[in-house]
Amino acid sequence: MSITLDFSGKNVLVVGGTSGINRGVAELFAKHGARVAVASRSQDKVDDTVAALKALGSDAMGFAADVRQPDAIKAGVAQVHAAFGDFDVVVSGAAGNFPATAMGMSTNAFKAVIDIDLLGTFHVMQAVFPHLRKPGASVINISAPQAFIPMEAQSHVCAAKAGVDMITRTLSLEWGPSGVRINSIVPGPIDKTEGMARLAPTDEMRAACVESVPLKRMGSTEDIGNACLFLASELGSYVSGVVLPVDGGWAQNGAGSMSASLAAFARMSEK
Ligand code: NAP
Ligand code: COA
């Protein structure tokens, strides 16, 4: 079977798109012909990513802003909209994570992750909606297995990402009548990312993580990008409000097996 996904003439914005999974997603859209914009806090990371996207042939741009600052996000999004026109695809994936038990973190530590992952997603959703192509736009929130699998040393992330998925599901109701689809993708453990460097920091934890995935491998940023291409394309035109694990089966029961070793690791650094 041969399927060609052509995003020529399509406008894609990836928030948190300057490293790891989200950057991989941005680059895959560029490879498939899209005009791609990225945003994150660091101007250096934005510049580096825009240069890479341009090298892939995309008419790319970007802006530096913190998703915790709604006015800055609105201004950056408006700037991209002025240059590109209406967005066909928005991927929102800015996030923060560190292993810490509930008793091992401050209110501010818990709040930092809630503010970035949950409030940040809300800010991005509010900023982009006026600029989405209606009908036709596809919005994708990048979630995590912690949204529905409790994991020790992750209470902040579990709470935040569960909220992200409920934003996705609720907005599928509010935005569906405008012809806007919105879905969450739940990546499994993705190789060579900051997330896995933080959640499986030792060789032993990494090996245990791979073993816990039914497909016996970590995923790649391209695995997540391919799912984004599907959801954003005509192939996904009747898919909305879905929370889609792209994880080699990890969410079935493997992800939970990380819980105890993560808690032990967090407690060691909390001593
Ligand atoms: P990453 O490389 O650290 O990517 C995070 C991105 O978000 C970066 O571009 C970062 O750039 C940006 N960002 C962070 N805080 C921000 C803020 N306050 N405002 C604006 N941008 C901000 O992490 P990753 O591991 O690839 O994870 C990407 C996404 O996948 C996250 O949503 C994560 O929860 C999810 N996920 C990852 C895995 C995994 O295996 N890695 C598994 C499940 C889910 P700046 O530093 O420039 O701000
Ligand atoms: N254990 C316990 N608390 C921690 C912690 C850890 N490992 N790391 C940070 N914190 C606490 C800080 O001490 C601070 O609390 P305090 O003010 O009570 O001391 C609070 O979290 C905020 O930290 P700060 O460094 O000021 O936040 P920031 O806004 O600069 O950065 C983070 C946000 C902490 C999430 C940072 O790790 C980050 O920017 N992450 C983005 C990249 C990432 O996490 N990628 C993986 C995505 S899955």
# chains A, B, ... in the order shown; residues from 1 in each chain; ligands from 1
$ select_by_dssp --residues "segment 68-254 of chain A" --states "strand (DSSP E or B)" --output "list of chain:residue names"
A:Phe87, A:Val89, A:Val90, A:Val91, A:Ser92, A:Leu132, A:Ser138, A:Val139, A:Ile140, A:Asn141, A:Ile142, A:Arg181, A:Ile182, A:Asn183, A:Ser184, A:Ile185, A:Val186, A:Pro187, A:Ile190, A:Gly219, A:Val243, A:Leu244, A:Pro245, A:Val246
$ select_by_dssp --residues "segment 4-241 of chain A" --states "alpha helix (DSSP H)" --output "PyMOL selection string"
chain A and resi 20-31+43-55+70-84+107-113+120-128+155-175+194-199+203-212+221-232
$ residues_near_ligand --ligand "ligand 2" --cutoff "8 Å" --atoms "only C-alpha atoms and all ligand atoms" --output "NGL selection string"
:A and (94-101 or 104-113 or 116 or 193-196 or 198 or 266 or 270)
$ atom_distance --atom1 "atom CA of Gly76 of chain A" --atom2 "atom CA of Ser40 of chain A"
10.3 Å
$ closest_residue --among "A:Pro177, A:Gly85, A:Gly136, A:Gly188" --to "ligand 1" --atoms "only C-alpha atoms and all ligand atoms"
A:Gly188
$ residues_around --residues "His32 of chain A" --least-positions-apart "4" --cutoff "10 Å" --atoms "only C-alpha atoms" --output "list in words"
Thr4, Leu5, Asp6, Phe7, Ser8, Lys10, Glu27, Leu28, Leu56, Gly57, Ser58 and Leu229 of chain A
